[in-house]
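my_file.txt, holding compact mmCIF, C-alpha atoms:
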```txt
# COMPACT_ATOMS: atom_id res chain seq x y z
CA MET P 26 92.33 70.39 91.54
CA PRO P 27 89.74 72.08 89.34
CA ASN P 28 92.13 73.93 87.04
CA ASP P 29 94.87 71.68 85.72
CA ALA P 30 95.84 74.22 83.07
CA ALA P 31 96.95 76.73 85.71
CA PHE P 32 98.94 74.01 87.47
CA ARG P 33 100.70 72.98 84.24
CA TRP P 34 101.36 76.62 83.36
CA ALA P 35 102.93 77.23 86.78
CA LEU P 36 105.13 74.14 86.47
CA VAL P 37 106.36 75.19 83.02
CA TRP P 38 107.25 78.65 84.32
CA LEU P 39 108.98 77.11 87.32
CA ALA P 40 111.06 74.90 85.02
CA ALA P 41 112.03 77.94 82.94
CA ILE P 42 113.06 79.88 86.05
CA VAL P 43 115.10 76.92 87.33
CA VAL P 44 116.92 76.71 83.97
CA VAL P 45 117.66 80.45 84.02
CA ILE P 46 119.00 80.21 87.59
CA GLY P 47 121.14 77.24 86.57
CA LEU P 48 122.58 79.07 83.57
CA TYR P 49 123.22 82.19 85.62
CA THR P 50 124.77 80.58 88.71
CA HIS P 51 126.14 77.23 87.40
CA SER P 52 125.07 75.70 90.70
CA TRP P 53 123.04 72.53 91.11
CA ASN P 54 122.23 73.45 94.74
CA LYS P 55 120.80 76.83 93.75
CA MET P 56 118.71 75.22 91.03
CA MET P 57 117.28 72.73 93.53
CA ALA P 58 116.60 75.50 96.07
CA THR P 59 114.72 77.42 93.39
CA TYR P 60 112.78 74.31 92.41
CA LEU P 61 111.90 73.54 96.04
CA LEU P 62 110.73 77.11 96.76
CA GLY P 63 108.69 77.10 93.54
CA ILE P 64 107.02 73.79 94.30
CA LEU P 65 106.18 74.94 97.82
CA GLY P 66 104.74 78.15 96.39
CA ILE P 67 102.63 76.25 93.86
CA MET P 68 101.43 73.88 96.57
CA GLY P 69 100.42 76.78 98.79
CA VAL P 70 98.54 78.76 96.16
CA LEU P 71 97.13 76.33 93.59
CA LEU P 72 96.55 73.05 95.42
CA PRO P 73 94.64 73.79 98.67
CA ASP P 74 90.99 72.86 98.96
CA TRP P 75 89.66 76.42 98.89
CA ASP P 76 86.10 75.29 99.66
CA PHE P 77 87.43 74.00 102.98
CA PHE P 78 89.54 77.07 103.80
CA ASP P 79 86.97 79.65 102.66
CA ARG P 80 84.93 78.90 105.76
CA PRO P 81 85.40 80.95 108.94
CA PHE P 82 88.69 80.19 110.69
CA SER P 83 86.93 78.72 113.72
CA HIS P 84 85.37 76.00 111.49
CA TRP P 85 88.67 74.71 110.08
CA ASN P 86 88.90 72.02 112.77
CA SER P 87 85.71 70.33 111.61
CA PRO P 88 85.05 68.54 108.31
CA ILE P 89 82.87 70.13 105.66
CA SER P 90 79.27 69.13 106.21
CA SER P 91 76.92 68.08 103.45
CA VAL P 92 75.04 71.34 104.02
CA ASP P 93 78.12 73.24 102.86
CA HIS P 94 78.22 71.16 99.67
CA HIS P 95 74.50 71.20 98.91
CA ARG P 96 73.15 74.52 100.09
CA HIS P 97 70.05 74.38 97.89
CA GLY P 98 68.95 70.79 98.53
CA PRO P 99 69.73 67.50 96.80
CA ASN P 100 67.22 67.95 93.95
CA SER P 101 68.14 71.47 92.94
CA ALA P 102 70.51 72.21 90.12
CA PRO P 103 74.01 73.10 91.25
CA THR P 104 74.77 76.76 90.93
CA PRO P 105 78.24 77.71 89.79
CA LYS P 106 80.33 79.20 92.57
CA PRO P 107 82.61 82.14 91.89
CA PRO P 108 86.31 81.28 91.93
CA THR P 109 87.48 81.45 95.52
CA ARG P 110 91.20 81.35 94.88
CA PHE P 111 91.43 85.11 94.43
CA ARG P 112 89.25 86.30 97.30
CA MET P 113 91.13 88.57 99.67
CA TYR P 114 90.94 87.49 103.29
CA PRO P 115 93.06 89.42 105.83
CA VAL P 116 94.33 86.38 107.77
CA ARG P 117 95.21 84.51 104.59
CA LEU P 118 96.92 87.56 103.14
CA VAL P 119 99.03 88.12 106.27
CA VAL P 120 100.05 84.46 106.49
CA TYR P 121 100.95 84.26 102.81
CA THR P 122 102.89 87.52 102.96
CA LEU P 123 104.90 86.43 106.00
CA VAL P 124 105.63 82.89 104.86
CA TYR P 125 106.38 83.58 101.22
CA GLY P 126 108.13 86.87 101.95
CA PHE P 127 110.51 85.15 104.36
CA GLY P 128 111.02 82.25 101.95
CA PHE P 129 111.68 84.56 99.02
CA TYR P 130 114.13 86.62 101.13
CA LYS P 131 116.08 83.51 102.18
CA TRP P 132 116.05 82.22 98.60
CA TRP P 133 117.31 85.54 97.23
CA MET P 134 120.11 85.67 99.80
CA PHE P 135 121.12 82.10 98.85
CA ILE P 136 121.00 82.76 95.09
CA SER P 137 122.81 86.12 95.21
CA ASN P 138 125.79 84.79 97.19
```
Could you express the structure from this file as structure tokens?
Amino acid sequence: MPNDAAFRWALVWLAAIVVVIGLYTHSWNKMMATYLLGILGIMGVLLPDWDFFDRPFSHWNSPISSVDHHRHGPNSAPTPKPPTRFRMYPVRLVVYTLVYGFGFYKWWMFISN
């Protein structure tokens, strides 16, 4: 993972949210549900290999070729790539919205009861 600071920051915020949920609900199960949802969210947003997934959807079944890694030849200086984590792709946006929206809804219904 190229940005460990963002990962650590997300884990610290997750721990704070879990503590707040625990103080508010006094429930170990609700704290663990919050922790599990948070870890799954962090894994889905911060940990994926975005170089792999930023290719066209039809190429996801094949490994990344060396051409994808070295577009300018082996002797050329590497050019910095723009951060790909925040690019907006319609398929990715729909999948994230459906999965995390449903997960957040189920979590909220569990916490609020």
Identify which of the residues P:Leu39, P:Trp34, P:Gly69, P:Met57 lies closest to Val124 in chain P, counting all atoms listed in the file when measuring atom-to-atom distances. P:Gly69
Find the residues around Ile67 in chain P up to 10 Å (all atoms listed in the file counted), leave out those fewer than 2 positions away in its own chain, and share them as a ChimeraX atom specification. /P:31-32,35-36,39,61-65,69-73
Can you work out the spacing between CA of Ala58 in chain P and CA of Trp132 in chain P in Å, to one decimal?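 These two atoms are separated by 7.2 Å.
Here the residues that fall within 12 Å of (103.5, 82.5, 105.1), using all atoms listed in the file, are given as P:Leu65, P:Gly66, P:Gly69, P:Val70, P:Val116, P:Arg117, P:Leu118, P:Val119, P:Val120, P:Tyr121, P:Thr122, P:Leu123, P:Val124, P:Tyr125, P:Gly126, P:Phe127, P:Gly128, P:Phe129.
Between CA of Ala30 in chain P and CA of Tyr114 in chain P there is a distance of 24.7 Å.
CA of Lys131 in chain P lies 24.0 Å from CA of Pro115 in chain P.
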Among listed residues P:Met113, P:Ile136, P:Ile89, P:Met56, nearest Ile42 in chain P (using all atoms listed in the file):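 Counting all atoms listed in the file, the residue closest to Ile42 in chain P is P:Met56.
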Around range 53-66 of chain P, fit a box with edges along x, y and z, padding it by 5 Å on each side, then list its centre and edge lengths in Å to one decimal as JSON.
```
{"center_x": 113.9, "center_y": 75.3, "center_z": 94.4, "size_x": 28.3, "size_y": 15.6, "size_z": 16.8}
```
